[in-house]
Structures are given as C-alpha cells and as structure tokens.
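Below is one structure, written out as structure tokens; the observations come after it.
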2 protein chains.
Amino acid sequence: MNLLASRSSRMKASEIRELLKLLDQPDIISFAGGIPDPALFPVEAIRDAYASLLGGAEAGAALQYQVSEGYLPLRRWLAGQMGKLGVACDEANIFITSGSQQALDYLGKLFLSPGDTALVTWPTYLGALQAFNAYEPRYERLTVDGGNMTPDAYRAAAAANGGQAKFAYLVPDFANPTGNTLNRQQREAVLDLAGELDIAVIEDAAYRALRYDGDGEPPILALDCARCGSIDKARTLYCGSFSKILSPGMRVGWVCAPRHIVEKLVLMKQASDLHSPSINQVVMHRVAEAVFDGQVERLIGAYRERRDGLVAALEANMPEGVTWSRPEGGMFVWVTLPEGSDATALLTRSVKEARVAFVPGSAFYADGTGRNTLRLSFTLADRRAVSEGIPRLAAILKG
Amino acid sequence: MNLLASRSSRMKASEIRELLKLLDQPDIISFAGGIPDPALFPVEAIRDAYASLLGGAEAGAALQYQVSEGYLPLRRWLAGQMGKLGVACDEANIFITSGSQQALDYLGKLFLSPGDTALVTWPTYLGALQAFNAYEPRYERLTVDGGNMTPDAYRAAAAANGGQAKFAYLVPDFANPTGNTLNRQQREAVLDLAGELDIAVIEDAAYRALRYDGDGEPPILALDCARCGSIDKARTLYCGSFSKILSPGMRVGWVCAPRHIVEKLVLMKQASDLHSPSINQVVMHRVAEAVFDGQVERLIGAYRERRDGLVAALEANMPEGVTWSRPEGGMFVWVTLPEGSDATALLTRSVKEARVAFVPGSAFYADGTGRNTLRLSFTLADRRAVSEGIPRLAAILKG
C-alpha cells in the first residue's frame, strides 16, 4: 500500500502520449481525448465579447497587467455561482487560475514537501498526479465506499516515509476517469476522514455542471461550510473550471477557498506568472453572464444523447465479462475487462486492427494497477463513431 | 557576501505593495509602475485579429486545448526573429510561456534545489527574485564590470551552503531597474564565468526591442551559439516577451533554448497549466506578423521623447550629489542619492508632501542594500507629469 508512484505514473503518461500521437491519423475513431466538442463552443458569444470589449473603453485595461487574484467582476460572479451551490462566500474567497490544472499545481506546491502523502482514489485524474508529482509526494489509497485505513494507520504510514498526510484529492462528480459520483454519505465520510486526519480536501469540480440525470449532491465544500459555519474555517478547496462549458483554450479556472488560502495562492501566482490573461478573464465574465446557463443546457442535451448512444452500443456489442459505468454526467464511461486482461496491449491491437482508440485505465492508477480497465470519452462520439467504432472494438475483444 | 536573502527581499516586496496602493489616489504623479503605456497598445490590430480568427475556420481550434509547447506558427515566427538576432534555431528551440515571468519560474524550478546558489546582479529584477525564492536558493553577487569572485570561490561558497551554483541571471539590455546595458566585452565575460563554473545563463530580454540610441549588441545567446557552434550545445536560455511591445494582458512570452531544455520545460508546463491560452497565441502570431516592426518604431518614438524629457528635468532640477543613468532604451532611469540617504523614507515623504511616487532601489537588491537608490519609469511620464513631478521631488530632496 505504501507506494512511491511518481516514477511509475510519469512513465505511463509518456506511454500515453506516444499512443495518442497515433490519433492524428484521420481514419482513427477516437474515444481517447478528454476534451469538449469544439462544434459546441459558444463561438458567437465569445467573438461578440472580444469585439465589444476591444471596441470600448475597457480595452486598454483588458490588454494591461492586472492584479494576481484576478478580475474583480469575474470573482464576484463566481462567488454568486458558488452561493447557488450552497457555499456562502464573497470575492475574497475566489482566486482565478489559468485553468484548474494550475489550481492543482499551486495546491500541490502549497501543501506538499518531498515524502509527504497525498490521498487519492484508485484510479484518479492523471493530470492531478502529474501536477502533484512535481513536489515528490507518495500516494495512499482513498476509498469512497468505506474500507479506508484508520487515521492512525494513515498517519503512521506517512510518518514512516518521512512526511505527513497533507490532503485528500478527489473528483466527486462524474469523475475522470470513472464517471462515478459520490453520494451524500460518501461526501460526508470524506470530510469525516479529513477531519480526523486534520488535512485539506481538494475538490476537483471540473465536470460538475454537466449532469444529465437526477438532482445531484451539494459540493463537498458546501457540506464542509455547513459543518464549520464559515468558508473561512473550511478545510475544502474547490477547484472550478470554464474549460468544459465555455472554452478550454482560454484557460480560465478558479479556486473557491478560505481567505487565508486564497492569500497564499495570490502570492504564489505573483511569483509564478503574475496573473492569468486579463483579456480572457474579462471576456469570460461577459460570456458567462450572457450565456452560461443556456450553454450548460445545450451541452447537457448533446452529451446526454452521446452517453446514451455509447452505453447502448456497449450493451449491444460487448462480450460477456465486460462491464461499464453509466455515468450521470461528465464525459467518460469506464470499462472493466475480465480479470487478467491488459488494456494497454488491447489499445495497440485496437488502433492497428480496428482503428479505434481509448485510454488504458492503468494510466490513472497511482500504483500502475488497473490494467484490465479503460476509459471511453463520449463527448466527440457521434452516431457514426459509436455505430462503427464500438462493434469494431468489441470484435477485437471477442476475437 | 553569502546571503540568504529570500526573506529580506520578500519583506521588501510587501512593503512596496503597500506603498503602491497609494498610487490609486488620482492626484499622485507616479514614476513607479514598470508598465507600458496602454494608450500605445495596438488595440485595432488586436481587435481585428480576434474578430477574424473567431469568424473563421480556426475558431474551434483556437478555443480548444492545445499542445504544451505552444502554437506552431508562432514558434516558427519567433525562431525567425531569433535568427535575425544571430541565433540560428528552429521551432524545436522555442517554448511558449504565459509571459516571461513564467519562464523565470520554470527555470528556477528546473535548476534550483533548496540551498543552491543563483548569481544575480546587485540590483536585479524584483520579479526574478520572487520567482526564484520559491525554490529557496541563496544569492551570490554577479558583477558585469569585473571584480567577480574566482570560480573556485563561487564554488566553495555554494558548497559551504550545501548546494551548487546553478545559473547566472541577468537583464543585459536596459536592465530593470538600472537601465544599464552590457557591452560586448561584458557579455563575453559573463559567458567566460559561466563556462568556468559550468552553469547556465538566464538572459532576460524583456526590453531588448526598445532601443532608442545606437546599435546594440547581440544577445548573449547569439555569442554563446557562436562559441559552441549550435544552440543545442549552448548554456544560455533566452527569455523573451511580447508584454512590452504588444500587450502584457495577453500573457505571451517565450524561451529560446537548447532542445533538451525545451523538452523539460514542456513536461513542466503540461503538469503545471497544460498550455498557455490557445487563442492568445494565435492572435499574438497574427498581430506580430502584421504590426510588430511598426509597433516597435512607434514605441521607440514615444518612449525616447519621454526618456529625454525625464533626463532633462532631472538635469534642470536635481540638487548636487544626486546622479542618474541615461539609458539607451527600456523603461527606467536609475537615480542614486548621496550616501546615507534612504529612498524608502524619501518615498513616504514624497507621496505625502509632493504627491510623487517611485520605487525605492533597495527592493531590487538581493541583500537589501542600495538604500540610497531609486527607480523612475518614464513610460507613462508625459510632459505634465515630468514638468510638475520632478521639481516637486527635487524640492523634497533639497528641503
């Protein structure tokens, strides 16, 4: 259980990159990329926002340096959005990042010293492992269905490796890669464990708005605030992103956190890149005010249909012994092959023989296990891709 | 000489920030900010580039995720620009950053372990010290007019502090804060020292294009390439930026470096923020292709006049014993007060009594010395600011 997995997951990342290069070939049907459908970007709203901004009195300020914490009207708008999710806060609790990847990097830098322990689910978001690896932690397994080690056992294992447990990281809604969502009890259990260990919780909410079924649960941060009475006493750091709803290429994300954490992140940002691009923050604020809710509805309609299509194709085609998740939202379906299968070897065959690509699941395990799992993204999976690609993948599995 | 100056320069930075808050008061004449004049931004060219990009076939790609190394056409354009400066290279030697501050952060992260030594000039760019401080180095003084310690002495001092000398950092053209420019002999001497120590040279070229007099010298990287025959064997890492010419708020900079360094920076960027905003890179490429040279000419005309106006006002007003630089380019004039003067105390009086602001020079010294120096920026110094502000500042110095 005591795994120093940095090296192992880095190698996986480079393997994945090599394989993903194959995807440039035009006849490949890819379920690999974890990216939104560019045909659904609100291009017109974004174009109008840049045009009116650069034709108006704020153009100079939007092209100039600005404060490290971010554009105040955007921070206020986000504080309002967090309020709707049950997190009472104001702009002092909002810090603008260059995408939520930067939030993970900064939080890794803030909390981790070499040899410290980060609790992550098995599997977890590969980019989080990459961000944290720079600070040389070890990883310990966090389970959301009970079965965690006792707090004393976590502490002892961390101490035996010369560090301390510093945080639990997880994606509670439609996780990358599994598509899983934590219920209320599981969210409370994470807070219980973090409280007993007195560690932070990093809540990666990148997919939260993309819910296709049901009502969902409050963010862990909201439950934390309800427990302790104020966001400034909370231990949860919520990482949000516009990448999945409006545009990843503009690189705008945010952290909602206690003020004392935001203040540290601001100093870190000042030293590391001064601030996120001023112009993108102003435009994102205007676009979000104008079209955010409608854009979420539009994406939900499109992606729900694609998820349903992918799941139906798996049901119709996959051989016995193969199982998969039916996510309530997000971008990913998680497939489990029979014990002993190797999804990395399958990928090589699948690309070569079936011209179908996916991401092998072991890339997402801090310890490199999970070799019989794989991730399928449905955001770019139109009817043709699904109706041709899934039978071809299934044929290889049967063959 | 063996200074662990992180804490000292951090305190200075926070002091400076407090003082700079005063600058929001509308009647203050400020020579403090190190920012370009927003009235000179090429707003129309930038507006047109966003509009045509977002109205065309590349809109989707510009709003989507992209590769960590940056937008290929921009990297090729920059390789061409570097070629004009005497650095034969191609796109594999160009890495796009979110402003050159991010380059300094990444290079600090790449080279420095706690206790390692960075050679910097006394004074140097405050933001570089802030970027490097995150990696807990100590600083050793680099002089460009000879008088450096012997390589053995540098090595011994570094080893005595439990680390190694890792790089020399400097701004060879119109330095922030002094306005000084290194001549050919000084550039070669820096390479000689770095060669003897076998360390990297970080060449911060943020102001290079803004030359108002004379012809200038090749970049240190060009001299390095001439010595070793190929950029891929060079020890110099050139950090460039569009911030001073086109727009700081778009946050686009670059590193020109040996391929093996670029490859490491790409991995670092993938883990830390995936990539700089796609859309800003595409727009910067289009704007640079369309207006870069003309914009440089325009800025040179405007800023040369402001430099001349500021220097003339200093000559006409400053009391005996006060001296100043006459920079060949850039944004700053460096003022030296009589020995024993304290520019931080002067700033407090100057803001209160004369409503004039500047940056005290000690902020730029890794060891907190230089208390009798101060920095004046002339980029925002129009005739009224100079004709009213400098006599008022001089009156305080005389009084």
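In the structure tokens, chains take letters A, B, ... by order of appearance, with residues numbered from 1 within each chain and ligands from 1 in the order shown.
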
Q | Residues of region 1-186 of chain B in strand (DSSP E), written as a PyMOL selection string | A | chain B and resi 29-30+94-97+117-120+138-141+165-170

Hey, can you spit out that residue selection with C-alpha atoms as a CSV table (one decimal), in the first residue's frame?
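What ended up in out_9.csv:
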chain,number,residue,atom,x,y,z
B,29,ILE,CA,2.2,61.6,-10.2
B,30,SER,CA,3.7,58.1,-10.4
B,94,ILE,CA,11.1,27.8,-28.9
B,95,PHE,CA,8.8,27.2,-25.9
B,96,ILE,CA,5.8,29.5,-25.4
B,97,THR,CA,5.2,30.7,-21.8
B,117,THR,CA,23.2,29.4,-5.5
B,118,ALA,CA,21.9,31.8,-8.1
B,119,LEU,CA,24.2,34.5,-9.4
B,120,VAL,CA,22.3,37.8,-9.8
B,138,ARG,CA,20.8,31.7,-1.8
B,139,TYR,CA,22.1,34.6,-4.0
B,140,GLU,CA,25.6,35.5,-4.8
B,141,ARG,CA,26.6,38.7,-6.4
B,165,ALA,CA,25.9,27.4,-8.2
B,166,LYS,CA,23.3,26.7,-10.8
B,167,PHE,CA,22.9,29.8,-13.1
B,168,ALA,CA,23.6,33.4,-13.6
B,169,TYR,CA,20.5,35.6,-14.2
B,170,LEU,CA,20.7,39.0,-15.8

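Those residues of chain B that fall within 6 Å of chain A when using only C-alpha atoms read Pro38, Arg47, Leu54, Gly60, Leu63, Gln64, Tyr65, Gln101, Gln102, Asp105, Gln130, Ala131, Ser247, Pro248, Gly249, Met250, Arg251, Ala271, Ser272, Asp273, Pro277 and Ser278 of chain B.
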
Would you export the selected residues with C-alpha atoms as a PDB file, in the first residue's frame, please?
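Generated file (out-v2.pdb):
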ATOM      1  CA  PRO B  38      -1.887  51.422 -22.592  1.00  0.00           C
ATOM      2  CA  ARG B  47      -9.362  43.611 -32.190  1.00  0.00           C
ATOM      3  CA  LEU B  54     -13.295  33.892 -34.305  1.00  0.00           C
ATOM      4  CA  GLY B  60     -12.722  25.945 -32.837  1.00  0.00           C
ATOM      5  CA  LEU B  63     -10.800  27.825 -28.242  1.00  0.00           C
ATOM      6  CA  GLN B  64      -9.728  24.193 -27.723  1.00  0.00           C
ATOM      7  CA  TYR B  65      -6.925  22.580 -25.708  1.00  0.00           C
ATOM      8  CA  GLN B 101       7.640  35.651 -15.564  1.00  0.00           C
ATOM      9  CA  GLN B 102       6.545  32.056 -16.118  1.00  0.00           C
ATOM     10  CA  ASP B 105       9.508  30.401 -12.528  1.00  0.00           C
ATOM     11  CA  GLN B 130      10.277  36.420  -6.307  1.00  0.00           C
ATOM     12  CA  ALA B 131      10.169  33.608  -8.877  1.00  0.00           C
ATOM     13  CA  SER B 247       0.241  43.607 -24.733  1.00  0.00           C
ATOM     14  CA  PRO B 248       1.104  42.364 -21.233  1.00  0.00           C
ATOM     15  CA  GLY B 249      -2.502  41.390 -20.523  1.00  0.00           C
ATOM     16  CA  MET B 250      -2.426  38.625 -23.141  1.00  0.00           C
ATOM     17  CA  ARG B 251       0.457  36.962 -21.238  1.00  0.00           C
ATOM     18  CA  ALA B 271       1.900  19.344 -15.335  1.00  0.00           C
ATOM     19  CA  SER B 272       1.503  22.961 -14.251  1.00  0.00           C
ATOM     20  CA  ASP B 273      -1.084  24.577 -16.555  1.00  0.00           C
ATOM     21  CA  PRO B 277      -4.141  30.141 -23.843  1.00  0.00           C
ATOM     22  CA  SER B 278      -4.515  28.886 -27.421  1.00  0.00           C
TER      23      SER B 278
END

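Omitting Leu210 (chain A) and its sequence neighbours fewer than 2 positions away, and counting only C-alpha atoms, the residues within 7 Å are Tyr207, Arg208, Tyr212, Val296, Ile300, Gly329 and Gly330 of chain A.
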
Q: Report the residues of region 162-266 of chain A whose backbone DSSP state falls under helix (DSSP H, G or I), written as an NGL selection string.
A: :A and (184-197 or 220-228 or 231-233 or 259-266)

Q: Between CA of Asp198 (chain B) and CA of Leu110 (chain B), measure the distance and give it in Å to one decimal.
A: 15.9 Å

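Here the question is which of A:Ala313, A:Tyr135, A:Asp116, A:Phe364 gets nearest to Ala157 (chain A) using only C-alpha atoms, and that residue is A:Asp116.
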
Q: Identify, on the basis of only C-alpha atoms, every residue whose closest approach to Glu297 (chain B) does not exceed 12 Å; exclude the query and any residue fewer than 5 positions from it along the same chain; express the result as a ChimeraX atom specification.
A: /B:40,209-212,245,291-292,302-304

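Closest to Lys398 (chain B) among B:Thr348, B:Asn317, B:Thr143, B:Asn372 is B:Asn317, based on only C-alpha atoms.
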
Q. If you measure from CA of Ser377 (chain A) to CA of Phe332 (chain A), what distance in Å do you get, rounded to one decimal?
A. 4.5 Å

**Q.** 10 Å contact set for Glu289 (chain B), only C-alpha atoms, chain neighbours under 6 positions out, as a PyMOL selection string
**A.** chain B and resi 74+77+283
